[in-house]
2 protein chains.
Amino acid sequence: MTTTTTTPAMTETPTSKPRRPAVPRNGVDTPTLFATIDAVRAQRELARFQFRATNRWIQGTHSKSRIESFFGAGTEHAHAAANEYDADHPAVLVGSDHGPTPVEFLLHALAACLTAGIANIAAARGVTLTEVESTVVGDIDIQGLLGLSGEVRNGFERIRASFRIRGEAPPEKLREVLEQSRARSAVFDVITNQVPIEITVDAG
Amino acid sequence: MTTTTTTPAMTETPTSKPRRPAVPRNGVDTPTLFATIDAVRAQRELARFQFRATNRWIQGTHSKSRIESFFGAGTEHAHAAANEYDADHPAVLVGSDHGPTPVEFLLHALAACLTAGIANIAAARGVTLTEVESTVVGDIDIQGLLGLSGEVRNGFERIRASFRIRGEAPPEKLREVLEQSRARSAVFDVITNQVPIEITVDAG
């Protein structure tokens, strides 16, 4: 989930109203995007969102998550469809490979967040995109999670994302769009900074 | 991706060989799990893994990732199936809701990683599980990513995971299994600690 800012540098208009009329671009409803930002600016409690996933163990390292409802802008919402996602370990990690590993879903989340931000920010800046592709890779030394080393962390040591962006703007402007997406990306923030996780359990 | 350690506390046998024979449990091939850990202990370079996702922008905030190949244990691997995952923003966030938001995939990843670890560790400890369910929620104030506040972060402020675990063991033992899963979880580590992300771009 990545979107845009309303600084003058981004919208290319002063933030004082009336704004120069924005037009939909890149499949982004830019007028509605700006109206949404204005609505949240006027009523800050609309900015509180809560996202959710429920998960059920199937067997071995295979489980299935369901993503269905969320709270935001003062009310409950249901996604257009309730989606389910399998996760597992591959055979080389003693699983049955009924789906990607959990860490691969992190890479998907990062790519999708930065890409959504690129589309939004390009639209806000009047840049028409023709292509955005990315590959995200994460390196992990599994001595950590296997408990074979106290020096090796459990998770990724590093993540690298490489983007290919084409659009009707000079390369420098496209690079600036990516940079602004990074600066406003929720997933980039979660992974590069830390988020506290509280775990509770009903065991019986 | 979460698995187990081989400390005496976990396996309930001394780490010196021969081990008391392990038996498959919870759908986990426990003998192969222990053999895998021994193989990595003997040849540390097998522990190097690289996971990958490729993503393609479709339109607006909608993109699609493909998860197909990975490197590990000294060689390239292909998943049993090449899976594709849509991500989007919902209407209230000016998207078309063709899939969950990127941040929801993070919650799925966390639930799936902790759950895989629970199954592995329970099997290693001789605990038969009957049920593992979880709900993971993340709270986010979107003033950050909308650029409406310099004080609010872009990503989740906090994440809470609640587990329900049932099995043929006292509640205290089930809680210890969860705690060990947390202590060895790759996704828990990524989210609660920080991982550096390098971004490169080919823009034109």
# chains A, B, ... in the order shown; residues from 1 in each chain; ligands from 1
>>> select_by_dssp(residues="stretch 21-170 of chain B", states="helix (DSSP H, G or I)", output="mmCIF file with C-alpha atoms, in the first residue's frame")
data_model
loop_
_atom_site.group_PDB
_atom_site.id
_atom_site.type_symbol
_atom_site.label_atom_id
_atom_site.label_comp_id
_atom_site.auth_asym_id
_atom_site.auth_seq_id
_atom_site.Cartn_x
_atom_site.Cartn_y
_atom_site.Cartn_z
ATOM 1 C CA THR B 30 10.733 -35.382 11.239
ATOM 2 C CA PRO B 31 13.527 -37.848 10.339
ATOM 3 C CA THR B 32 14.201 -35.924 7.125
ATOM 4 C CA LEU B 33 14.045 -32.639 9.029
ATOM 5 C CA PHE B 34 16.745 -33.822 11.419
ATOM 6 C CA ALA B 35 18.785 -35.270 8.529
ATOM 7 C CA THR B 36 18.551 -31.896 6.749
ATOM 8 C CA ILE B 37 19.777 -30.061 9.819
ATOM 9 C CA ASP B 38 22.684 -32.506 10.120
ATOM 10 C CA ALA B 39 23.552 -32.072 6.442
ATOM 11 C CA VAL B 40 23.688 -28.280 6.784
ATOM 12 C CA ARG B 41 25.694 -28.574 9.993
ATOM 13 C CA ALA B 42 28.255 -30.660 8.096
ATOM 14 C CA ARG B 44 27.525 -24.840 5.994
ATOM 15 C CA GLU B 45 27.429 -23.430 2.464
ATOM 16 C CA LEU B 46 24.206 -25.413 1.880
ATOM 17 C CA ALA B 47 22.526 -22.853 4.146
ATOM 18 C CA ALA B 91 -11.901 1.446 -3.534
ATOM 19 C CA VAL B 92 -11.623 3.437 -0.298
ATOM 20 C CA LEU B 93 -7.917 3.827 -1.142
ATOM 21 C CA PRO B 102 0.551 -5.338 -0.161
ATOM 22 C CA VAL B 103 0.476 -4.879 3.619
ATOM 23 C CA GLU B 104 -2.098 -7.651 3.975
ATOM 24 C CA PHE B 105 0.332 -10.054 2.317
ATOM 25 C CA LEU B 106 2.806 -9.175 5.083
ATOM 26 C CA LEU B 107 0.266 -10.326 7.671
ATOM 27 C CA HIS B 108 -0.313 -13.561 5.743
ATOM 28 C CA ALA B 109 3.456 -14.134 5.624
ATOM 29 C CA LEU B 110 3.779 -13.673 9.372
ATOM 30 C CA ALA B 111 0.902 -16.024 10.189
ATOM 31 C CA ALA B 112 2.163 -18.694 7.788
ATOM 32 C CA CYS B 113 5.765 -18.509 9.047
ATOM 33 C CA LEU B 114 4.839 -18.838 12.711
ATOM 34 C CA THR B 115 2.409 -21.666 11.892
ATOM 35 C CA ALA B 116 4.969 -23.655 9.884
ATOM 36 C CA GLY B 117 7.373 -23.298 12.779
ATOM 37 C CA ILE B 118 4.763 -24.502 15.257
ATOM 38 C CA ALA B 119 4.198 -27.660 13.215
ATOM 39 C CA ASN B 120 7.926 -28.376 12.811
ATOM 40 C CA ILE B 121 8.831 -27.712 16.412
ATOM 41 C CA ALA B 122 5.882 -29.667 17.784
ATOM 42 C CA ALA B 123 6.906 -32.627 15.610
ATOM 43 C CA ALA B 124 10.501 -32.358 16.813
#
>>> residues_around(residues="B:Ser185", least_positions_apart="2", cutoff="8 Å", atoms="only C-alpha atoms", output="JSON, numbers by chain")
{"A": [145, 154, 155], "B": [1, 2, 3, 113, 114, 117, 181, 182, 183, 187, 188, 189]}
>>> closest_atom_pairs(of="stretch 31-106 of chain A", to="stretch 160-165 of chain B", cutoff="12 Å", atoms="only C-alpha atoms", output="JSON lines")
{"residue": "A:Gln50", "atom": "CA", "partner": "B:Arg160", "partner_atom": "CA", "distance": 10.7}
{"residue": "A:Phe51", "atom": "CA", "partner": "B:Arg160", "partner_atom": "CA", "distance": 10.7}
{"residue": "A:Arg52", "atom": "CA", "partner": "B:Arg160", "partner_atom": "CA", "distance": 9.6}
{"residue": "A:Ala53", "atom": "CA", "partner": "B:Ala161", "partner_atom": "CA", "distance": 9.5}
{"residue": "A:Thr54", "atom": "CA", "partner": "B:Ala161", "partner_atom": "CA", "distance": 9.5}
{"residue": "A:Asn55", "atom": "CA", "partner": "B:Phe163", "partner_atom": "CA", "distance": 9.3}
{"residue": "A:Arg56", "atom": "CA", "partner": "B:Arg164", "partner_atom": "CA", "distance": 9.7}
{"residue": "A:Trp57", "atom": "CA", "partner": "B:Ile165", "partner_atom": "CA", "distance": 9.8}
>>> write_last_selection(atoms="N, CA and C atoms", output="compact mmCIF listing (two decimals), in the first residue's frame")
# COMPACT_ATOMS: atom_id res chain seq x y z
N GLN A 50 -7.11 -0.68 9.81
CA GLN A 50 -6.60 -1.95 10.37
C GLN A 50 -6.78 -3.04 9.32
N PHE A 51 -5.67 -3.70 8.98
CA PHE A 51 -5.73 -4.81 8.03
C PHE A 51 -5.57 -6.13 8.78
N ARG A 52 -6.07 -7.22 8.16
CA ARG A 52 -6.18 -8.50 8.87
C ARG A 52 -5.95 -9.68 7.93
N ALA A 53 -5.39 -10.74 8.49
CA ALA A 53 -5.35 -12.04 7.81
C ALA A 53 -5.65 -13.10 8.86
N THR A 54 -6.45 -14.08 8.48
CA THR A 54 -6.65 -15.23 9.36
C THR A 54 -6.00 -16.44 8.70
N ASN A 55 -5.41 -17.28 9.52
CA ASN A 55 -4.65 -18.42 8.98
C ASN A 55 -5.06 -19.71 9.67
N ARG A 56 -5.06 -20.79 8.90
CA ARG A 56 -5.42 -22.11 9.44
C ARG A 56 -4.35 -23.10 9.00
N TRP A 57 -3.82 -23.82 9.97
CA TRP A 57 -2.83 -24.85 9.69
C TRP A 57 -3.51 -26.03 8.99
>>> atom_distance(atom1="atom CA of A:Gly95", atom2="atom CA of A:Asn83")
22.8 Å
>>> select_by_dssp(residues="stretch 28-91 of chain B", states="strand (DSSP E)", output="PyMOL selection string")
chain B and resi 48-59+62-72+75-87
>>> atom_distance(atom1="atom CA of A:Arg125", atom2="atom CA of A:Phe49")
26.1 Å
>>> residues_around(residues="A:Gly204", least_positions_apart="2", cutoff="10 Å", atoms="only C-alpha atoms", output="PyMOL selection string")
(chain A and resi 201-202) or (chain B and resi 131+164-175)
>>> write_last_selection(atoms="C-alpha atoms", output="compact mmCIF listing (two decimals), in the first residue's frame")
# COMPACT_ATOMS: atom_id res chain seq x y z
CA VAL A 201 -2.12 -17.57 22.54
CA ASP A 202 -5.09 -19.65 23.61
CA GLU B 131 -5.52 -27.38 15.41
CA ARG B 164 -5.41 -20.81 19.05
CA ILE B 165 -3.48 -24.06 19.43
CA ARG B 166 -4.90 -27.46 20.31
CA GLY B 167 -2.90 -30.66 20.63
CA GLU B 168 -2.10 -33.69 22.69
CA ALA B 169 0.03 -31.87 25.21
CA PRO B 170 -0.50 -29.60 28.21
CA PRO B 171 -1.22 -25.93 27.39
CA GLU B 172 2.18 -24.92 28.77
CA LYS B 173 3.97 -27.19 26.31
CA LEU B 174 1.93 -25.79 23.40
CA ARG B 175 2.82 -22.27 24.48
>>> closest_residue(among="A:Arg66, A:Arg25, A:His77, A:Arg184", to="chain B", atoms="only C-alpha atoms")
A:Arg184
>>> residues_around(residues="B:Ala87", least_positions_apart="5", cutoff="7 Å", atoms="only C-alpha atoms", output="PyMOL selection string")
(chain A and resi 112) or (chain B and resi 62-64+98-102)
>>> write_last_selection(atoms="N, CA and C atoms", output="tab-separated table (two decimals), in the first residue's frame")
chain	number	residue	atom	x	y	z
A	112	ALA	N	4.85	-5.11	-4.94
A	112	ALA	CA	3.52	-4.57	-5.23
A	112	ALA	C	3.32	-3.19	-4.61
B	62	HIS	N	-2.91	-1.78	-9.35
B	62	HIS	CA	-2.99	-3.23	-9.55
B	62	HIS	C	-1.70	-3.76	-10.18
B	63	SER	N	-1.09	-4.73	-9.54
B	63	SER	CA	0.08	-5.41	-10.12
B	63	SER	C	-0.01	-6.90	-9.80
B	64	LYS	N	0.83	-7.66	-10.48
B	64	LYS	CA	0.81	-9.11	-10.31
B	64	LYS	C	2.24	-9.62	-10.13
B	98	HIS	N	-8.51	-5.48	-7.06
B	98	HIS	CA	-8.29	-6.74	-7.79
B	98	HIS	C	-7.55	-7.77	-6.93
B	99	GLY	N	-7.21	-7.40	-5.71
B	99	GLY	CA	-6.51	-8.30	-4.80
B	99	GLY	C	-6.27	-7.56	-3.50
B	100	PRO	N	-5.74	-8.26	-2.51
B	100	PRO	CA	-5.43	-7.60	-1.24
B	100	PRO	C	-4.37	-6.51	-1.42
B	101	THR	N	-4.25	-5.68	-0.41
B	101	THR	CA	-3.18	-4.69	-0.40
B	101	THR	C	-1.84	-5.39	-0.09
B	102	PRO	N	-0.76	-4.78	-0.51
B	102	PRO	CA	0.55	-5.34	-0.16
B	102	PRO	C	0.72	-5.59	1.34
>>> closest_residue(among="B:Thr192, B:Asp97, B:Val127, B:Gly60", to="B:Phe156", atoms="only C-alpha atoms")
B:Thr192
